[in-house]
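Participant: Here it is, the structure, as structure tokens.
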Amino acid sequence: MKIALAQLNYHIGNFEQNSFKIKAAIDTAKLQGADLVLFSELAICGYPPRDFLEFDDFIKTCEATIQSIAAHQPGIGVLLGAPLRNPVKEGKDLYNAAFFLYEGKIQHITRKTLLPTYDVFDENRYFEPNKHFDILHFKNKKIAVTICEDLWNLGNQNPLYTICPMDELIKQAPEFILNLSASPYDYQHAAARKTVLQANAQAYQIPIFYCNQIGAQTELIFDGGSLVVAGNGTVVAELPYFEEAIQLVDLNQTLAIETETDAPIKSIHEALILGIRDYFKKMGFSKAILGLSGGVDSALVLYLAVQALGKENVHSLLLPSDFSTSHSISDAQQLCENLQCSFDTIPIKANYEALLTTLQPYFKDLPFNVAEENLQARIRGILLMGFCNKFGYILLNTTNKSEAAVGYGTLYGDMCGGLAVLGDVYKTQVYELCKYINRTQEIIPNSILTKAPSAELRPDQKDSDSLPDYDLLDRLLFQYIEHCKGPKELAEMGFDSALITRVLKMVNSNEWKRHQAPPILRISTKAFGVGRRMPIVGKYLN
């Protein structure tokens with residue numbers, strides 16, 4: 001049997017576009033000689049549809065789209081994901097299901113058993129878990145169908161689920177597994193995903209055909225990397241990462257291939273570009289703007305935006321104050337020249353002095369502090385948003401994860417934006433990405449990478465005046481945020497107790513700021529946003 005894996009980029013709720021892509025992939029697979037074509041989880045509507053699933057019309061459109069696809073190519077088997085109504089009044093109204101289509105009809109339905117409820121996932125909110133197990137029979141083959149469950153132990157397992165679907169399906173002696181997946185990217189995930197699939201194939205001694213989707217859905221980025229793993233655990237086929245692809249694999253093929261997982265920085269680079277591109281394309285936006293300070297964060301965001309959207313669609317504002325150094329301005333200008341993208345320079349001195357004059361009767365002779373610093377950041381935010389409203393730009397936020405974690409940013413100032421590109425990228429990773437970009441030629445000026453980071457909101461200001469060294473800060477933040485290590489555990493790891501108290505207080509007391517930040521492109525195992533739900537007013541660990 002010849003099976004095609006269709007690794008596609010879906011648009012949530014865009015049934016017309018999703019259906020067009022699916023039908024085109026079916027046609028391609030049939031031309032390649034496939035007996036069956038495999039798509040990813042909830043391909044009909046896009047993943048994750050979230051509360052769209054609560055609209056009856058949304059489910060009706062899913063059902064109509066399935067029928068349309070079933071009638072499209074009756075001569076090839078099609079396995080794809082979509083929501084399924086639960087005919088029983090007990091439990092949730094829907095199942096997360098896989099529909100097998102052949103000869104113009106729905107021939108078989110598989111329901112998802114293990115519903116992830118951790119980090120960015122909340123499938124228990126919408127779906128009823130499966131409790132009945134049967135295999136798919138097609139062309140004299142017995143096939144086990146699973147829905148992302150082969151990757152179950154990559155997340156936090158729900159102890160309520162004691163049934164492993166493959167443990168039940170293997171009793172019916174299937175010859176191979178078809179797995180529909182929607183497994184989001186993070187830079188520690190790709191290698192682990194492959195290892196888990198190999199372990200599953202070896203455990204059940206049958207091949208696994210694993211089809212993942214690609215594309216970004218707001219903050220979530222799906223990287224593809226669909227796999228075929230032989231029953232002995234060797235990788236038979238691996239589809240590209242961050243690209244749409246259709247690949248035909250013969251079930252009898254046993255020759256393993258050499259696979260190589262991308263270095264984390266390379267994959268982060270590709271993920272962020274895809275995240276920006278899909279956010280704009282799927283939202284119907286075309287033009288981006290950002291404030292270019294001459295610092296490393298905005299330099300990286302400008303580069304990524306140009307790669308994602310094209311230089312003609314990205315504009316920068318240079319907004320120097322009296323505290324901006326001449327080399328920051330010249331560095332920003334040089335970067336724009338290197339990338340061949342447009343910019344305007346608007347000094348903010350007059351605006352700043354006007355606000356100081358207005359506030360002087362109230363501020364009186366109080367010393368210069370964060371109030372004056374934040375006025376400058378908010379003036380820049382006003383000017384950037386003015387350009388957005390007048391010319392149709394979407395503002396890209398340039399705050400990195402280290403700054404977002406400790407609240408080192410101005411609400412309604414440099415925290416403005418429609419999309420936070422670096423909100424899940426630590427400062428040390430920002431430098432690594434810039435070095436990766438410059439690996440063959442100097443695109444981001446080296447002077448940007450070698451100077452001390454500074455917000456330039458007061459004379460001779462440096463980030464180190466307010467924050468620990470980024471190398472130390474990022475290591476502590478990583479353990480606290482990604483690994484949920486508390487103060488005692490951090491101290492046992494060798495971090496200074498005073499530093500722990502200081503950093504954790506900054507992180508926890510700035511939760512209210514992060515709740516008002518733009519959506520963040522997720523590239524780690526624990527990003528701020530939907531996957532990290534901390535109380536704003538909580539006392540614990542403060």
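Chain labels run A, B, ... following the order of the structure tokens; each chain numbers its residues from 1, and ligands are numbered from 1 in the order shown.
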Which residues are near stretch 458-469 of chain A? Cut-off 12 Å, only C-alpha atoms, ignore same chain within fewer than 3 positions. Put them as a PyMOL selection string.
Facilitator: chain A and resi 295+321-325+368-377+402-403+405-409+427-428+451-455+472-477+496+498-500+502-503+506-507
Participant: Could you write out the selected residues, including N, CA and C atoms, as a short mmCIF file (atom, residue, chain, number, x, y, z; two decimals), in the first residue's frame?
Facilitator:
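part30.cif was written with the following content:
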data_model
loop_
_atom_site.label_atom_id
_atom_site.label_comp_id
_atom_site.auth_asym_id
_atom_site.auth_seq_id
_atom_site.Cartn_x
_atom_site.Cartn_y
_atom_site.Cartn_z
N GLY A 295 19.27 49.29 19.11
CA GLY A 295 19.58 48.18 19.99
C GLY A 295 19.37 46.85 19.31
N SER A 321 15.89 60.64 21.37
CA SER A 321 15.71 61.70 22.38
C SER A 321 17.08 62.29 22.69
N ASP A 322 17.13 63.20 23.63
CA ASP A 322 18.42 63.77 24.03
C ASP A 322 19.33 62.73 24.66
N PHE A 323 18.74 61.60 25.10
CA PHE A 323 19.54 60.57 25.75
C PHE A 323 20.03 59.51 24.76
N SER A 324 19.57 59.59 23.54
CA SER A 324 20.01 58.62 22.52
C SER A 324 21.42 58.97 22.07
N THR A 325 22.26 57.96 21.96
CA THR A 325 23.63 58.20 21.52
C THR A 325 23.67 58.30 20.00
N PHE A 368 14.10 63.57 38.95
CA PHE A 368 13.93 62.76 37.74
C PHE A 368 13.88 61.29 38.14
N ASN A 369 12.86 60.57 37.63
CA ASN A 369 12.80 59.13 37.91
C ASN A 369 12.12 58.41 36.76
N VAL A 370 11.51 57.27 37.07
CA VAL A 370 10.92 56.44 36.02
C VAL A 370 9.77 57.15 35.31
N ALA A 371 9.16 58.13 35.95
CA ALA A 371 8.06 58.86 35.30
C ALA A 371 8.55 59.55 34.03
N GLU A 372 9.68 60.25 34.14
CA GLU A 372 10.23 60.93 32.96
C GLU A 372 10.74 59.93 31.92
N GLU A 373 11.29 58.82 32.40
CA GLU A 373 11.74 57.78 31.46
C GLU A 373 10.55 57.24 30.65
N ASN A 374 9.48 56.94 31.34
CA ASN A 374 8.33 56.33 30.67
C ASN A 374 7.60 57.30 29.75
N LEU A 375 7.68 58.60 30.04
CA LEU A 375 7.08 59.58 29.12
C LEU A 375 7.70 59.44 27.73
N GLN A 376 9.01 59.22 27.69
CA GLN A 376 9.68 59.09 26.39
C GLN A 376 9.20 57.84 25.65
N ALA A 377 9.09 56.74 26.39
CA ALA A 377 8.63 55.49 25.76
C ALA A 377 7.20 55.64 25.25
N SER A 402 13.24 38.09 28.53
CA SER A 402 13.90 38.51 29.78
C SER A 402 13.28 39.79 30.31
N GLU A 403 13.08 40.77 29.42
CA GLU A 403 12.48 42.04 29.82
C GLU A 403 11.02 41.85 30.23
N ALA A 405 9.67 39.24 31.44
CA ALA A 405 9.61 38.49 32.70
C ALA A 405 9.75 39.41 33.90
N VAL A 406 10.67 40.34 33.85
CA VAL A 406 10.95 41.17 35.03
C VAL A 406 10.26 42.53 34.96
N GLY A 407 9.43 42.74 33.94
CA GLY A 407 8.70 44.00 33.84
C GLY A 407 9.54 45.17 33.40
N TYR A 408 10.63 44.89 32.69
CA TYR A 408 11.52 45.96 32.24
C TYR A 408 11.00 46.50 30.90
N GLY A 409 9.89 47.21 30.98
CA GLY A 409 9.25 47.77 29.80
C GLY A 409 8.15 48.71 30.24
N LYS A 427 17.03 37.21 26.20
CA LYS A 427 18.03 38.17 25.69
C LYS A 427 19.27 37.45 25.16
N THR A 428 19.73 36.45 25.88
CA THR A 428 20.91 35.71 25.41
C THR A 428 20.63 35.01 24.08
N LYS A 451 27.89 46.59 21.91
CA LYS A 451 27.68 47.63 22.91
C LYS A 451 26.80 47.12 24.04
N ALA A 452 26.91 47.74 25.20
CA ALA A 452 26.12 47.34 26.36
C ALA A 452 24.66 47.69 26.13
N PRO A 453 23.75 46.76 26.42
CA PRO A 453 22.31 47.06 26.24
C PRO A 453 21.87 48.23 27.10
N SER A 454 21.02 49.09 26.51
CA SER A 454 20.54 50.27 27.23
C SER A 454 19.20 50.72 26.67
N ALA A 455 18.31 51.15 27.59
CA ALA A 455 17.04 51.73 27.16
C ALA A 455 17.21 53.18 26.71
N LEU A 472 23.26 35.43 33.63
CA LEU A 472 22.82 34.89 34.92
C LEU A 472 21.30 34.99 35.04
N LEU A 473 20.73 36.13 34.67
CA LEU A 473 19.28 36.32 34.77
C LEU A 473 18.53 35.29 33.94
N ASP A 474 18.97 35.05 32.72
CA ASP A 474 18.27 34.13 31.83
C ASP A 474 18.33 32.70 32.35
N ARG A 475 19.46 32.31 32.93
CA ARG A 475 19.55 30.96 33.49
C ARG A 475 18.58 30.78 34.64
N LEU A 476 18.46 31.79 35.49
CA LEU A 476 17.51 31.71 36.61
C LEU A 476 16.07 31.73 36.10
N LEU A 477 15.77 32.63 35.18
CA LEU A 477 14.42 32.73 34.63
C LEU A 477 14.01 31.43 33.95
N ASP A 496 22.21 32.54 44.08
CA ASP A 496 22.28 33.33 45.31
C ASP A 496 20.87 33.63 45.82
N ALA A 498 19.67 36.09 47.63
CA ALA A 498 19.23 37.47 47.43
C ALA A 498 18.81 37.71 45.98
N LEU A 499 19.55 37.10 45.05
CA LEU A 499 19.21 37.22 43.63
C LEU A 499 17.86 36.55 43.36
N ILE A 500 17.65 35.37 43.94
CA ILE A 500 16.38 34.66 43.76
C ILE A 500 15.22 35.51 44.23
N ARG A 502 15.05 38.73 44.65
CA ARG A 502 14.92 39.94 43.81
C ARG A 502 14.24 39.62 42.48
N VAL A 503 14.72 38.57 41.80
CA VAL A 503 14.21 38.26 40.46
C VAL A 503 12.77 37.75 40.53
N MET A 506 10.36 40.51 41.00
CA MET A 506 10.13 41.26 39.76
C MET A 506 9.19 40.50 38.82
N VAL A 507 9.41 39.21 38.69
CA VAL A 507 8.57 38.42 37.78
C VAL A 507 7.12 38.44 38.24
#
Participant: With only C-alpha atoms as the atoms that count, which of A:Pro207, A:Gly291, A:Gly233, A:Gly275 lies nearest to A:Asn252?
Facilitator: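 Of A:Pro207, A:Gly291, A:Gly233, A:Gly275, the one nearest A:Asn252, counting only C-alpha atoms, is A:Pro207.
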Participant: From the set A:Met1, A:Leu180, A:Leu457, A:Val145, which residue has the shortest atom-to-atom contact distance to A:Ser293, counting only C-alpha atoms?
Facilitator: A:Leu457
Participant: Could you list, as a VMD selection string, every residue within 10 Å of A:Phe39, counting only C-alpha atoms and ignoring same-chain residues fewer than 2 positions away?
Facilitator: chain A and resid 4 to 8 22 25 to 26 37 41 to 44 78 to 81 98 178 to 181 210 to 213 246
Participant: Next, the residues of the selection above should be written as a compact mmCIF listing (two decimals), in the first residue's frame with N, CA and C atoms.
Facilitator:
# COMPACT_ATOMS: atom_id res chain seq x y z
N ALA A 4 0.30 8.62 1.22
CA ALA A 4 0.82 9.98 1.09
C ALA A 4 0.55 10.76 2.38
N LEU A 5 1.56 11.46 2.85
CA LEU A 5 1.39 12.36 3.99
C LEU A 5 1.26 13.78 3.45
N ALA A 6 0.16 14.44 3.80
CA ALA A 6 -0.09 15.81 3.34
C ALA A 6 0.10 16.77 4.52
N GLN A 7 1.23 17.42 4.54
CA GLN A 7 1.61 18.35 5.61
C GLN A 7 1.28 19.76 5.15
N LEU A 8 0.15 20.30 5.62
CA LEU A 8 -0.38 21.56 5.09
C LEU A 8 -0.51 22.63 6.17
N ILE A 22 -6.95 20.84 0.77
CA ILE A 22 -7.11 19.41 0.98
C ILE A 22 -7.42 18.70 -0.34
N ALA A 25 -4.37 18.52 -2.50
CA ALA A 25 -3.44 17.51 -2.00
C ALA A 25 -3.92 16.10 -2.35
N ILE A 26 -5.23 15.89 -2.27
CA ILE A 26 -5.79 14.59 -2.67
C ILE A 26 -5.48 14.31 -4.14
N VAL A 37 -4.37 8.97 1.51
CA VAL A 37 -3.67 10.20 1.85
C VAL A 37 -4.07 10.60 3.27
N GLU A 41 -4.58 16.59 12.34
CA GLU A 41 -5.68 16.71 13.31
C GLU A 41 -6.51 17.97 13.04
N LEU A 42 -7.85 17.82 13.04
CA LEU A 42 -8.79 18.93 12.83
C LEU A 42 -8.43 19.75 11.59
N ALA A 43 -7.99 19.07 10.55
CA ALA A 43 -7.59 19.77 9.33
C ALA A 43 -8.75 20.53 8.69
N ILE A 44 -9.95 20.02 8.80
CA ILE A 44 -11.10 20.66 8.17
C ILE A 44 -11.28 22.10 8.65
N VAL A 78 -9.05 8.76 2.09
CA VAL A 78 -8.68 10.05 2.68
C VAL A 78 -8.94 9.98 4.19
N LEU A 79 -7.92 10.28 4.97
CA LEU A 79 -8.08 10.29 6.43
C LEU A 79 -7.72 11.68 6.94
N LEU A 80 -8.71 12.35 7.52
CA LEU A 80 -8.48 13.72 8.00
C LEU A 80 -9.27 14.00 9.26
N GLY A 81 -8.87 15.06 9.95
CA GLY A 81 -9.46 15.38 11.23
C GLY A 81 -10.53 16.45 11.17
N ALA A 98 -11.27 11.57 13.66
CA ALA A 98 -10.63 11.35 12.35
C ALA A 98 -11.64 10.64 11.46
N LEU A 178 -1.71 4.98 11.65
CA LEU A 178 -1.82 6.30 11.02
C LEU A 178 -2.15 7.30 12.12
N ASN A 179 -1.28 8.29 12.30
CA ASN A 179 -1.43 9.25 13.38
C ASN A 179 -1.64 10.65 12.83
N LEU A 180 -2.79 11.24 13.15
CA LEU A 180 -3.10 12.63 12.79
C LEU A 180 -2.68 13.51 13.95
N SER A 181 -1.86 14.52 13.69
CA SER A 181 -1.32 15.29 14.80
C SER A 181 -1.41 16.79 14.55
N TYR A 210 3.07 9.40 10.77
CA TYR A 210 2.72 10.54 11.63
C TYR A 210 2.65 11.80 10.78
N CYS A 211 1.47 12.44 10.71
CA CYS A 211 1.30 13.64 9.90
C CYS A 211 1.00 14.83 10.79
N ASN A 212 1.90 15.80 10.77
CA ASN A 212 1.75 17.03 11.55
C ASN A 212 1.42 18.19 10.61
N GLN A 213 0.81 19.23 11.12
CA GLN A 213 0.54 20.41 10.31
C GLN A 213 1.69 21.41 10.44
N ILE A 246 3.99 17.26 0.44
CA ILE A 246 3.25 16.02 0.26
C ILE A 246 4.27 14.95 -0.14
